[in-house]
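Let me begin by presenting the structure, written as structure tokens, before commenting on it.
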Number of protein chains: 2
Amino acid sequence: MTVGIRHDDLRRRNRAMVILAVRHAGQASRTEIAATTALSHSTISAISSDLIGEGVLAEVKGGEGGAMKRGRPQVAISLNPSAASVCVVVLSLNSLIATVVDYAGCSVAEESLRLPTLSMPRDELIGQTVGTVVRLIEKHSAKAGPVMRIILAIQGITDSESRTLMWSPITPESDICFADLLEQATGIPATVENDCNMIALALRSHDPERYRNDFIAILLSHGIGMGMVLRGEVFTGTQSSGGEFGHMIHRPDGALCRCGRRGCVEAYAGNYAILRNAEGLAEDTPPVADVGDGDIAALADKARRSPGPEREAFRKAGEALGFSLGSLFALLDPAPVAMVGHGSLAFDLLEGPIREAIAKTAGGQHSKAISFATEPNEIPLIREGCAIRALTFLDEHVFAAGMVNLGARKNAG
Amino acid sequence: MTVGIRHDDLRRRNRAMVILAVRHAGQASRTEIAATTALSHSTISAISSDLIGEGVLAEVKGGEGGAMKRGRPQVAISLNPSAASVCVVVLSLNSLIATVVDYAGCSVAEESLRLPTLSMPRDELIGQTVGTVVRLIEKHSAKAGPVMRIILAIQGITDSESRTLMWSPITPESDICFADLLEQATGIPATVENDCNMIALALRSHDPERYRNDFIAILLSHGIGMGMVLRGEVFTGTQSSGGEFGHMIHRPDGALCRCGRRGCVEAYAGNYAILRNAEGLAEDTPPVADVGDGDIAALADKARRSPGPEREAFRKAGEALGFSLGSLFALLDPAPVAMVGHGSLAFDLLEGPIREAIAKTAGGQHSKAISFATEPNEIPLIREGCAIRALTFLDEHVFAAGMVNLGARKNAG
DNA sequence: AGACTTTTTTCGAGCCTCGAAAAAAAGAAT
DNA sequence: ATTCTTTTTTTCGAGGCTCGAAAAAAGTCT
């Protein structure tokens, strides 16, 4: 913050800008890059020819015969897919999916596994995860650029350094430093990220018009997760991954939550809570371990057909979400909201109660401005967000610095 | 974000770094500046002699005969007090205080006024405010550097551009664009800021050890305000000044709040709410307009002496604060908290219930890590925060750019 | 084929920061 | 008093970076 800018930082930052401009655009001519970065054509020319020389970027050969304008045609520049690759690991309830993604963002290899995460002993969970990654990387080391980064996304709380899984609902084990474990096994830098934060990244890259600098993504599932972008950055807490929207207090000393506390939003809006209410059980009935997506779909169908305890259960869930969103908005102001995950398929049942509750809050002043979108399938979003995170890291911290000699591996795409 | 760094930005930024380093340190030698900015001695030498030549900084002549070490003595550089000045206006309930502060941060002139803000018509409130500022600036135009910025702090909600007072509890009027009004009357750029945000800035400059990059300040008064620093920046909402902690929902459909809604934190912890509960009135009793500080002090005394409705009222206030802090911390993680304002004199009555409630929340996981401090007198903090805000703006946007020719006005301090 | 248009590269100028060396300004030693 | 030592500050040349203008390149249009 009080640190000055050195002369050599300049080039590094501008190189990063060029790479990021190309990544965002998919492909872009030098002129377009100059426009988006506000740098001069000469600078862009110098930087891009450096980056092409280093094998980070590549000129697109087969000019897409699109409507030819007059004048010298622009030559598009794209990311060189074989400049590097990253390994994305999504660990969720009973499932492990590992993917190798090339530098341009395309999946080139995948390995998936079903495994009983809730009942596995610690060593086996670790062993399976690390083993799958090692196998995948070995198998595909030839196909794409070298894997330069591993990123693991998981439901739960990670430390603020993105190295340790502090707590997760998918396993009774806690404080697993997956980053260290993966790095030791592979020699490749690794990080651990919260799944909802990755969802937020993916949403932004999907629809930058809607999800720009400030928005939130809420994962409706067995529990309630949240990823939040503030001021253009994924927000993480100072101690942990933060964003524990599901454990804001909806009703002090209220319904029993999976976390052992009372009155959390999740204790009204999580799958287990909806089920508990629909079955007319007391609020302090211990949460069941897991509720299938099918069960919730069935409840939602019942609720749509006729009034009754099912509809009331969804109403309570919406009310909890609405009041808590209202509190969040009072603190941080309105922003677009994405409802993600299987639970969002019942959003038609939730929206009314949500809007009703939010209108009763200070955050609801602008309630017309609050718009919701739904994204039922979270897994692809998580994977995509991870890829963006890891690749952007390479852009900014590896290739922008120009420390890597890519040698002969040029323009294999 | 995607914008590259131009060559001329470099100097501007590094100049800003030097100025800020001097402002933070009060006074510093070139060597010390080089150390804190991580720039080379040659660069610092060049920049600082420029800035001294421009009259922004000044060498301190009377070397303070402190323990003389061996070697060439360091020559301290400080801000030149007469480089510029700013006008700070604090508008609060029934009171208006305007101050001219020199570039080094010292008050050089002040004018204060009592006025019935709650009952004044719009034009008179505006007239008095603008008039006081104009008078003060005219009267003291000779004494210090020219007033280059006006900053007005007020309880309430401002727009995100810091130009308009959208709503305030101190007046029934709303949507007053003080920035335009002040600029038209004086020709000097003006901004409008939320009082609690300014408090946060002042706290950081007072105790940078404790209040560093992430903390919150809660103003306990007739209403409940909050200023929050996240990632080293004062956090403001995307639409408004944000940080409406007092209007997070503590109990859905609960006690009647001054804002007309139900169940807000303020409806339990604001002065009027404590009074209402202490008097055993129903929760939907309309809030009284204003409660004197003395009344609350008397209630607190009673509560300290013996159990009864007064103590219970403070307990409810603490409970509301605790649960809501817990929710806030669940979202944004623990951080030091400052309880500011007259209400913090009763913090001894609040702390127990606050900690009890917070321990029941997810944000309270680290509840031992949550530390509270109290600052009973908010007005000086507001003033100081404003001065810092306005002066820092000059540092970064006026003097760093070197656009101002200070001419003969050199080193008058 | 030549004119025109647009993109890209080249080239020199002007800044900026840096490291090393020199100069300056004291106290300490003789 | 004069000469070392030590530390701070300035000076100076080297190396980079970005920029604007001009030149070169690579097409379409007539």
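All residue names refer to the structure tokens as shown: chains lettered A, B, ... in order, residues numbered from 1 in each chain, ligands numbered from 1 in order.
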Got a sec to align chain B on chain A by every in-order Cα pair and hand back the fitted coordinates as a compact mmCIF listing (two decimals) with C-alpha atoms, in the first residue's frame?
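That gives us result_33.txt:
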```txt
# COMPACT_ATOMS: atom_id res chain seq x y z
CA MET B 1 -0.16 0.07 -0.05
CA THR B 2 2.58 2.46 0.84
CA VAL B 3 4.87 0.66 -1.52
CA GLY B 4 6.03 2.50 -4.61
CA ILE B 5 6.04 1.15 -8.11
CA ARG B 6 9.36 0.05 -9.47
CA HIS B 7 10.32 0.51 -13.02
CA ASP B 8 10.28 -3.19 -13.79
CA ASP B 9 6.81 -3.58 -12.31
CA LEU B 10 5.57 -1.54 -15.19
CA ARG B 11 6.32 -4.07 -17.89
CA ARG B 12 5.10 -6.92 -15.76
CA ARG B 13 1.77 -5.26 -15.17
CA ASN B 14 1.29 -4.29 -18.75
CA ARG B 15 2.17 -7.76 -19.90
CA ALA B 16 -0.45 -9.08 -17.51
CA MET B 17 -2.95 -6.64 -18.96
CA VAL B 18 -2.30 -7.90 -22.44
CA ILE B 19 -2.64 -11.53 -21.46
CA LEU B 20 -5.83 -10.86 -19.54
CA ALA B 21 -7.28 -8.88 -22.40
CA VAL B 22 -6.71 -11.83 -24.70
CA ARG B 23 -8.15 -14.26 -22.16
CA HIS B 24 -11.30 -12.20 -21.72
CA ALA B 25 -11.82 -11.69 -25.40
CA GLY B 26 -10.91 -15.24 -26.36
CA GLN B 27 -9.02 -13.81 -29.25
CA ALA B 28 -8.19 -10.25 -30.13
CA SER B 29 -6.11 -8.28 -32.60
CA ARG B 30 -3.32 -6.00 -31.47
CA THR B 31 -5.53 -3.01 -32.22
CA GLU B 32 -8.31 -4.35 -30.04
CA ILE B 33 -5.86 -5.04 -27.24
CA ALA B 34 -4.56 -1.50 -27.50
CA ALA B 35 -8.11 -0.22 -27.21
CA THR B 36 -9.05 -2.24 -24.15
CA THR B 37 -5.81 -1.63 -22.29
CA ALA B 38 -5.49 2.04 -23.24
CA LEU B 39 -1.84 1.45 -24.08
CA SER B 40 -0.28 2.66 -27.29
CA HIS B 41 -0.01 0.53 -30.39
CA SER B 42 3.73 0.50 -30.16
CA THR B 43 3.67 -0.87 -26.65
CA ILE B 44 1.16 -3.55 -27.54
CA SER B 45 3.19 -4.49 -30.56
CA ALA B 46 6.31 -4.90 -28.47
CA ILE B 47 4.65 -6.82 -25.66
CA SER B 48 2.63 -9.11 -27.87
CA SER B 49 5.55 -10.05 -30.04
CA ASP B 50 7.50 -10.84 -26.87
CA LEU B 51 4.69 -13.00 -25.59
CA ILE B 52 4.33 -14.78 -28.90
CA GLY B 53 8.05 -15.36 -28.95
CA GLU B 54 7.83 -16.84 -25.48
CA GLY B 55 5.03 -19.14 -26.54
CA VAL B 56 2.44 -17.63 -24.22
CA LEU B 57 0.28 -16.23 -26.99
CA ALA B 58 -0.05 -17.35 -30.58
CA GLU B 59 -1.27 -15.78 -33.77
CA VAL B 60 -4.37 -17.43 -35.10
CA LYS B 61 -3.40 -18.78 -38.49
CA GLY B 62 -6.62 -19.68 -40.30
CA GLY B 63 -8.08 -16.18 -40.39
CA GLU B 64 -11.81 -16.81 -40.01
CA GLY B 65 -13.08 -15.67 -43.41
CA GLY B 66 -15.45 -13.23 -41.73
CA ALA B 67 -16.69 -10.20 -43.63
CA MET B 68 -13.45 -8.80 -44.99
CA LYS B 69 -13.20 -5.09 -44.53
CA ARG B 70 -10.91 -2.87 -46.45
CA GLY B 71 -7.37 -2.36 -45.28
CA ARG B 72 -4.81 -4.67 -43.83
CA PRO B 73 -6.66 -7.43 -42.04
CA GLN B 74 -6.31 -7.72 -38.30
CA VAL B 75 -4.48 -10.78 -37.17
CA ALA B 76 -6.11 -12.36 -34.18
CA ILE B 77 -4.02 -13.38 -31.22
CA SER B 78 -5.10 -16.09 -28.85
CA LEU B 79 -3.75 -17.93 -25.89
CA ASN B 80 -1.40 -20.71 -26.80
CA PRO B 81 -3.23 -23.74 -25.41
CA SER B 82 -0.04 -25.65 -24.87
CA ALA B 83 1.72 -22.90 -22.93
CA ALA B 84 0.70 -24.64 -19.73
CA SER B 85 -2.18 -26.41 -18.10
CA VAL B 86 -3.78 -26.63 -14.70
CA CYS B 87 -5.38 -29.42 -12.76
CA VAL B 88 -8.83 -28.72 -11.36
CA VAL B 89 -10.20 -30.94 -8.64
CA VAL B 90 -13.78 -30.73 -7.45
CA LEU B 91 -14.40 -32.68 -4.30
CA SER B 92 -18.03 -32.88 -3.32
CA LEU B 93 -20.31 -35.22 -1.44
CA ASN B 94 -19.48 -38.77 -2.58
CA SER B 95 -17.80 -37.54 -5.70
CA LEU B 96 -14.36 -36.52 -6.90
CA ILE B 97 -13.74 -35.09 -10.34
CA ALA B 98 -10.30 -34.08 -11.53
CA THR B 99 -9.71 -32.35 -14.83
CA VAL B 100 -6.71 -31.10 -16.71
CA VAL B 101 -7.45 -27.83 -18.46
CA ASP B 102 -5.14 -26.34 -21.06
CA TYR B 103 -3.98 -22.74 -21.05
CA ALA B 104 -6.85 -21.69 -23.28
CA GLY B 105 -9.35 -23.14 -20.84
CA CYS B 106 -10.32 -26.36 -22.60
CA SER B 107 -10.54 -29.64 -20.74
CA VAL B 108 -8.06 -32.14 -22.10
CA ALA B 109 -8.36 -34.97 -19.62
CA GLU B 110 -10.65 -36.01 -16.84
CA GLU B 111 -10.96 -38.62 -14.20
CA SER B 112 -13.91 -39.07 -11.88
CA LEU B 113 -14.59 -41.26 -8.96
CA ARG B 114 -17.44 -42.06 -6.61
CA LEU B 115 -16.41 -42.41 -3.03
CA PRO B 116 -18.14 -42.40 0.36
CA THR B 117 -16.76 -39.13 1.64
CA LEU B 118 -18.89 -39.10 4.77
CA SER B 119 -17.67 -42.43 6.03
CA MET B 120 -14.11 -42.64 4.70
CA PRO B 121 -11.26 -42.43 7.14
CA ARG B 122 -9.02 -39.43 6.79
CA ASP B 123 -6.09 -41.22 5.21
CA GLU B 124 -8.22 -42.83 2.56
CA LEU B 125 -9.92 -39.58 1.61
CA ILE B 126 -6.54 -37.95 1.26
CA GLY B 127 -5.06 -40.95 -0.53
CA GLN B 128 -7.85 -41.16 -3.06
CA THR B 129 -7.76 -37.47 -3.77
CA VAL B 130 -4.02 -37.16 -4.11
CA GLY B 131 -3.78 -40.46 -5.97
CA THR B 132 -6.34 -39.45 -8.55
CA VAL B 133 -4.54 -36.20 -9.19
CA VAL B 134 -1.16 -37.88 -9.51
CA ARG B 135 -2.53 -40.48 -11.89
CA LEU B 136 -4.29 -37.93 -14.04
CA ILE B 137 -1.25 -35.71 -14.30
CA GLU B 138 1.04 -38.58 -15.18
CA LYS B 139 -1.31 -39.96 -17.77
CA HIS B 140 -1.69 -36.70 -19.56
CA SER B 141 1.65 -35.07 -19.07
CA ALA B 142 2.41 -35.44 -22.77
CA LYS B 143 -0.85 -34.25 -24.24
CA ALA B 144 -0.81 -30.64 -23.15
CA GLY B 145 1.52 -28.08 -21.65
CA PRO B 146 2.94 -28.95 -18.26
CA VAL B 147 0.58 -28.78 -15.32
CA MET B 148 1.71 -25.68 -13.46
CA ARG B 149 -0.97 -25.43 -10.83
CA ILE B 150 -3.47 -27.52 -8.95
CA ILE B 151 -6.67 -26.12 -7.54
CA LEU B 152 -9.10 -28.00 -5.35
CA ALA B 153 -12.60 -26.73 -4.71
CA ILE B 154 -14.64 -28.04 -1.86
CA GLN B 155 -17.77 -27.21 0.05
CA GLY B 156 -16.82 -25.83 3.41
CA ILE B 157 -14.48 -23.45 5.09
CA THR B 158 -10.89 -23.00 4.03
CA ASP B 159 -8.24 -20.86 5.62
CA SER B 160 -7.63 -17.42 4.25
CA GLU B 161 -4.39 -18.56 2.61
CA SER B 162 -6.31 -21.10 0.52
CA ARG B 163 -4.24 -23.99 1.74
CA THR B 164 -6.23 -25.90 4.32
CA LEU B 165 -9.72 -27.31 4.45
CA MET B 166 -10.76 -26.24 7.93
CA TRP B 167 -14.20 -27.78 7.97
CA SER B 168 -16.48 -29.38 5.44
CA PRO B 169 -19.92 -30.94 5.56
CA ILE B 170 -18.82 -33.72 3.23
CA THR B 171 -16.44 -35.30 5.70
CA PRO B 172 -16.20 -35.56 9.46
CA GLU B 173 -12.48 -34.89 9.19
CA SER B 174 -11.20 -31.36 9.58
CA ASP B 175 -8.05 -29.32 9.13
CA ILE B 176 -6.73 -31.18 6.13
CA CYS B 177 -3.99 -29.23 4.42
CA PHE B 178 -4.66 -30.39 0.89
CA ALA B 179 -2.34 -27.78 -0.53
CA ASP B 180 0.69 -29.21 1.25
CA LEU B 181 -0.35 -32.77 0.49
CA LEU B 182 -0.82 -32.13 -3.20
CA GLU B 183 2.36 -30.12 -3.48
CA GLN B 184 4.40 -32.82 -1.80
CA ALA B 185 2.98 -35.52 -4.04
CA THR B 186 3.34 -33.63 -7.29
CA GLY B 187 5.80 -30.82 -6.81
CA ILE B 188 3.23 -28.46 -8.30
CA PRO B 189 1.83 -25.42 -6.43
CA ALA B 190 -1.67 -26.08 -5.16
CA THR B 191 -4.49 -24.13 -3.51
CA VAL B 192 -7.77 -25.02 -1.86
CA GLU B 193 -10.82 -22.91 -2.55
CA ASN B 194 -14.38 -22.66 -1.39
CA ASP B 195 -16.78 -23.99 -4.03
CA CYS B 196 -19.13 -21.01 -3.90
CA ASN B 197 -16.35 -18.55 -4.50
CA MET B 198 -15.47 -20.45 -7.64
CA ILE B 199 -19.10 -20.39 -8.72
CA ALA B 200 -19.03 -16.62 -8.44
CA LEU B 201 -15.97 -16.43 -10.68
CA ALA B 202 -17.61 -18.64 -13.28
CA LEU B 203 -20.78 -16.60 -13.28
CA ARG B 204 -18.85 -13.44 -13.92
CA SER B 205 -17.04 -14.89 -16.85
CA HIS B 206 -20.28 -16.32 -18.27
CA ASP B 207 -22.29 -13.16 -18.05
CA PRO B 208 -20.09 -10.15 -17.37
CA GLU B 209 -22.95 -7.82 -18.18
CA ARG B 210 -25.01 -9.08 -15.29
CA TYR B 211 -22.31 -10.14 -12.88
CA ARG B 212 -19.81 -7.36 -12.87
CA ASN B 213 -18.20 -5.91 -9.77
CA ASP B 214 -20.69 -6.66 -7.03
CA PHE B 215 -22.92 -9.67 -6.83
CA ILE B 216 -23.58 -12.78 -4.83
CA ALA B 217 -24.15 -16.43 -5.62
CA ILE B 218 -26.11 -18.53 -3.19
CA LEU B 219 -25.84 -22.28 -3.34
CA LEU B 220 -29.09 -23.96 -2.32
CA SER B 221 -28.31 -27.52 -1.43
CA HIS B 222 -28.14 -29.66 1.65
CA GLY B 223 -26.55 -26.64 3.25
CA ILE B 224 -26.52 -23.03 2.13
CA GLY B 225 -23.31 -21.60 0.72
CA MET B 226 -22.40 -18.25 -0.69
CA GLY B 227 -19.81 -16.70 -2.93
CA MET B 228 -19.59 -12.96 -3.11
CA VAL B 229 -17.81 -10.57 -5.39
CA LEU B 230 -17.24 -7.12 -3.93
CA ARG B 231 -15.43 -4.34 -5.75
CA GLY B 232 -14.57 -6.75 -8.51
CA GLU B 233 -12.80 -9.22 -6.22
CA VAL B 234 -13.98 -12.48 -4.75
CA PHE B 235 -14.45 -11.66 -1.11
CA THR B 236 -12.83 -13.94 1.40
CA GLY B 237 -12.73 -13.40 5.11
CA THR B 238 -9.65 -12.37 6.99
CA GLN B 239 -9.44 -15.68 8.82
CA SER B 240 -11.20 -18.09 6.50
CA SER B 241 -12.92 -18.34 3.17
CA GLY B 242 -15.73 -16.36 4.73
CA GLY B 243 -19.14 -15.74 3.29
CA GLU B 244 -20.99 -17.99 5.69
CA PHE B 245 -24.35 -16.66 4.63
CA GLY B 246 -25.98 -19.94 5.63
CA HIS B 247 -24.97 -19.31 9.21
CA MET B 248 -26.22 -15.81 9.60
CA ILE B 249 -28.79 -15.84 12.39
CA HIS B 250 -32.33 -15.75 11.11
CA ARG B 251 -34.09 -16.31 14.42
CA PRO B 252 -32.08 -16.10 17.65
CA ASP B 253 -32.30 -19.38 19.53
CA GLY B 254 -34.41 -20.79 16.70
CA ALA B 255 -34.31 -24.05 14.76
CA LEU B 256 -31.43 -26.46 15.24
CA CYS B 257 -28.79 -26.20 12.54
CA ARG B 258 -26.45 -28.87 11.26
CA CYS B 259 -23.60 -26.81 12.71
CA GLY B 260 -25.00 -27.36 16.20
CA ARG B 261 -26.09 -23.78 16.67
CA ARG B 262 -29.62 -22.47 16.57
CA GLY B 263 -31.50 -20.19 14.25
CA CYS B 264 -29.09 -20.16 11.30
CA VAL B 265 -30.55 -19.50 7.86
CA GLU B 266 -29.57 -23.00 6.88
CA ALA B 267 -31.72 -24.41 9.67
CA TYR B 268 -34.70 -23.08 7.71
CA ALA B 269 -33.58 -23.18 4.12
CA GLY B 270 -31.22 -26.15 3.82
CA ASN B 271 -32.60 -29.31 2.30
CA TYR B 272 -32.74 -31.04 5.66
CA ALA B 273 -34.61 -28.11 7.16
CA ILE B 274 -37.20 -28.05 4.42
CA LEU B 275 -37.70 -31.76 4.84
CA ARG B 276 -37.94 -31.43 8.60
CA ASN B 277 -40.57 -28.75 8.34
CA ALA B 278 -42.49 -30.57 5.62
CA GLU B 279 -42.68 -33.63 7.83
CA GLY B 280 -43.94 -31.52 10.69
CA LEU B 281 -41.04 -32.42 12.94
CA ALA B 282 -39.99 -30.15 15.78
CA GLU B 283 -37.44 -27.46 15.03
CA ASP B 284 -34.91 -29.06 17.32
CA THR B 285 -35.06 -32.44 15.62
CA PRO B 286 -31.46 -33.30 14.72
CA PRO B 287 -30.80 -32.78 11.02
CA VAL B 288 -30.61 -35.93 8.89
CA ALA B 289 -27.23 -36.54 7.30
CA ASP B 290 -28.18 -36.18 3.68
CA VAL B 291 -31.32 -35.53 1.68
CA GLY B 292 -31.44 -36.65 -1.93
CA ASP B 293 -32.17 -34.16 -4.67
CA GLY B 294 -35.11 -36.36 -5.61
CA ASP B 295 -36.66 -36.02 -2.19
CA ILE B 296 -36.66 -32.27 -2.46
CA ALA B 297 -38.04 -32.38 -5.97
CA ALA B 298 -40.90 -34.53 -4.70
CA LEU B 299 -41.59 -32.11 -1.87
CA ALA B 300 -41.57 -29.22 -4.30
CA ASP B 301 -44.07 -31.00 -6.54
CA LYS B 302 -46.38 -31.57 -3.63
CA ALA B 303 -46.00 -27.96 -2.56
CA ARG B 304 -46.87 -26.75 -6.05
CA ARG B 305 -49.96 -28.92 -6.26
CA SER B 306 -51.68 -27.94 -3.05
CA PRO B 307 -51.25 -25.94 0.12
CA GLY B 308 -50.04 -27.90 3.07
CA PRO B 309 -46.99 -28.47 5.22
CA GLU B 310 -44.74 -28.81 2.16
CA ARG B 311 -45.66 -25.42 0.80
CA GLU B 312 -45.31 -23.96 4.27
CA ALA B 313 -41.83 -25.48 4.54
CA PHE B 314 -40.74 -23.73 1.36
CA ARG B 315 -42.34 -20.54 2.57
CA LYS B 316 -40.30 -20.68 5.74
CA ALA B 317 -37.18 -21.31 3.70
CA GLY B 318 -37.89 -18.32 1.48
CA GLU B 319 -38.64 -16.17 4.49
CA ALA B 320 -35.31 -17.07 6.08
CA LEU B 321 -33.45 -16.38 2.85
CA GLY B 322 -35.31 -13.12 2.34
CA PHE B 323 -34.72 -11.67 5.78
CA SER B 324 -31.07 -12.61 5.71
CA LEU B 325 -30.59 -11.25 2.23
CA GLY B 326 -32.20 -8.08 3.52
CA SER B 327 -29.65 -7.90 6.32
CA LEU B 328 -26.83 -8.60 3.92
CA PHE B 329 -28.05 -5.91 1.57
CA ALA B 330 -28.39 -3.46 4.44
CA LEU B 331 -24.69 -3.97 5.02
CA LEU B 332 -23.42 -4.27 1.48
CA ASP B 333 -26.13 -2.87 -0.80
CA PRO B 334 -28.18 -4.52 -3.51
CA ALA B 335 -26.59 -6.51 -6.23
CA PRO B 336 -27.65 -9.21 -8.61
CA VAL B 337 -28.19 -12.57 -6.96
CA ALA B 338 -27.70 -15.98 -8.51
CA MET B 339 -29.43 -18.94 -6.95
CA VAL B 340 -27.27 -21.90 -7.76
CA GLY B 341 -27.63 -25.61 -7.27
CA HIS B 342 -30.38 -28.16 -7.33
CA GLY B 343 -32.39 -26.26 -4.76
CA SER B 344 -32.87 -23.43 -7.21
CA LEU B 345 -35.26 -25.68 -9.15
CA ALA B 346 -37.76 -24.86 -6.44
CA PHE B 347 -37.12 -21.14 -6.76
CA ASP B 348 -40.66 -20.61 -7.99
CA LEU B 349 -41.78 -21.63 -4.51
CA LEU B 350 -39.20 -19.47 -2.79
CA GLU B 351 -39.32 -16.22 -4.72
CA GLY B 352 -42.62 -14.95 -3.32
CA PRO B 353 -41.67 -15.42 0.32
CA ILE B 354 -38.16 -14.10 -0.33
CA ARG B 355 -39.45 -10.89 -1.86
CA GLU B 356 -42.06 -10.55 0.84
CA ALA B 357 -39.46 -10.83 3.57
CA ILE B 358 -36.88 -8.67 1.86
CA ALA B 359 -39.44 -5.91 1.43
CA LYS B 360 -39.66 -5.74 5.23
CA THR B 361 -35.97 -4.93 5.52
CA ALA B 362 -33.80 -1.89 5.00
CA GLY B 363 -31.89 -3.76 2.31
CA GLY B 364 -35.18 -4.10 0.49
CA GLN B 365 -35.47 -0.37 -0.11
CA HIS B 366 -34.38 -1.07 -3.61
CA SER B 367 -36.16 -4.38 -3.70
CA LYS B 368 -37.29 -3.93 -7.26
CA ALA B 369 -33.65 -3.58 -8.19
CA ILE B 370 -32.83 -6.97 -6.71
CA SER B 371 -32.94 -9.47 -9.48
CA PHE B 372 -32.56 -13.20 -9.18
CA ALA B 373 -31.34 -15.74 -11.65
CA THR B 374 -31.13 -19.49 -11.22
CA GLU B 375 -28.45 -21.96 -12.21
CA PRO B 376 -29.46 -25.47 -11.22
CA ASN B 377 -26.24 -27.24 -12.05
CA GLU B 378 -23.37 -26.11 -9.89
CA ILE B 379 -20.65 -28.64 -10.70
CA PRO B 380 -19.72 -27.23 -14.13
CA LEU B 381 -19.65 -23.75 -12.65
CA ILE B 382 -17.32 -24.81 -9.89
CA ARG B 383 -15.01 -26.44 -12.37
CA GLU B 384 -15.01 -23.47 -14.64
CA GLY B 385 -14.43 -21.02 -11.81
CA CYS B 386 -11.47 -23.06 -10.65
CA ALA B 387 -9.99 -23.09 -14.11
CA ILE B 388 -10.34 -19.33 -14.37
CA ARG B 389 -8.80 -18.81 -10.97
CA ALA B 390 -5.81 -21.01 -11.64
CA LEU B 391 -5.22 -19.81 -15.18
CA THR B 392 -5.50 -16.18 -14.20
CA PHE B 393 -2.94 -16.81 -11.52
CA LEU B 394 -0.55 -18.13 -14.15
CA ASP B 395 -1.30 -15.13 -16.36
CA GLU B 396 -0.53 -12.63 -13.65
CA HIS B 397 2.20 -14.27 -11.66
CA VAL B 398 4.05 -16.54 -14.00
CA PHE B 399 3.75 -15.44 -17.60
CA ALA B 400 3.45 -11.74 -16.91
CA ALA B 401 6.76 -11.94 -15.09
CA GLY B 402 8.28 -13.71 -18.09
CA MET B 403 10.25 -16.02 -15.87
CA VAL B 404 9.39 -19.16 -17.75
CA ASN B 405 11.23 -20.29 -20.79
CA LEU B 406 8.75 -22.24 -22.82
CA GLY B 407 11.48 -23.29 -25.18
CA ALA B 408 10.38 -25.35 -28.15
CA ARG B 409 6.81 -25.78 -27.01
CA LYS B 410 5.47 -23.13 -29.32
CA ASN B 411 2.12 -22.83 -30.96
CA ALA B 412 1.15 -26.46 -30.79
CA GLY B 413 -2.53 -25.44 -31.01
```
* Asked: Could you pull out all residues of segment 171-384 of chain B with a DSSP call of helix (DSSP H, G or I) and give them as a PyMOL selection string?
  -> chain B and resi 178-186+195-206+245-247+266-269+271-278+293-305+309-332+342-358+362-369+378-384
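What separates atom C1' of DA21 of chain C from atom C1' of DT5 of chain D is a distance of 17.7 Å.
Residues with any atom within 12 Å of DT30 of chain C, counting only C-alpha atoms (C1' of nucleotides) and excluding same-chain neighbours fewer than 2 positions away, are DA28 of chain C; DA1, DT2, DT3 and DC4 of chain D.
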What lies within 12 Å of DT30 of chain D using only C-alpha atoms (C1' of nucleotides), ignoring chain neighbours under 4 positions off, as a tab-separated table (two decimals) with N, CA and C atoms (P, O5', C5', C4', C3', O3' and C1' of nucleotides), in the first residue's frame?
```
chain	number	residue	atom	x	y	z
C	1	DA	P	-0.69	-6.35	-62.59
C	1	DA	O5'	-0.68	-4.77	-62.61
C	1	DA	C5'	-0.79	-4.11	-63.86
C	1	DA	C4'	-1.18	-2.69	-63.58
C	1	DA	C3'	-0.38	-2.04	-62.48
C	1	DA	O3'	-0.20	-0.67	-62.81
C	1	DA	C1'	-2.65	-2.14	-61.83
C	2	DG	P	0.82	0.19	-61.91
C	2	DG	O5'	-0.21	1.10	-61.11
C	2	DG	C5'	-1.19	1.84	-61.81
C	2	DG	C4'	-2.18	2.42	-60.84
C	2	DG	C3'	-1.54	3.11	-59.63
C	2	DG	O3'	-2.25	4.32	-59.38
C	2	DG	C1'	-3.08	1.50	-58.89
C	3	DA	P	-1.81	5.37	-58.26
C	3	DA	O5'	-3.12	5.47	-57.36
C	3	DA	C5'	-4.37	5.70	-57.99
C	3	DA	C4'	-5.48	5.56	-56.98
C	3	DA	C3'	-5.22	6.30	-55.66
C	3	DA	O3'	-6.42	6.93	-55.25
C	3	DA	C1'	-5.57	4.02	-55.22
C	4	DC	P	-6.44	7.84	-53.91
C	4	DC	O5'	-7.01	6.83	-52.82
C	4	DC	C5'	-8.20	6.11	-53.10
C	4	DC	C4'	-8.49	5.14	-51.97
C	4	DC	C3'	-8.26	5.74	-50.57
C	4	DC	O3'	-9.45	5.54	-49.81
C	4	DC	C1'	-7.23	3.60	-50.77
```
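Between atom C1' of DC12 of chain D and atom C1' of DA22 of chain C the interatomic distance comes to 9.4 Å.
If you look at atom C1' of DG20 of chain D and atom C1' of DT17 of chain C, they are 22.6 Å away from each other.
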Pull the closest atom pair for each residue of chain C that gets at most 9 Å from chain A, along with the distance in Å to one decimal, counting only C-alpha atoms (C1' of nucleotides), ordering rows by chain and then ascending residue number, as CSV.
```
residue,atom,partner,partner_atom,distance
C:DC4,C1',A:Gly71,CA,8.2
C:DT5,C1',A:Gly71,CA,4.3
C:DT6,C1',A:Gly71,CA,3.9
C:DT7,C1',A:Arg72,CA,5.2
C:DT8,C1',A:Ser45,CA,7.3
C:DT9,C1',A:Ser45,CA,7.4
C:DT10,C1',A:Ser42,CA,9.0
C:DC16,C1',A:His7,CA,7.2
C:DT17,C1',A:His7,CA,5.5
C:DC18,C1',A:His7,CA,8.6
```
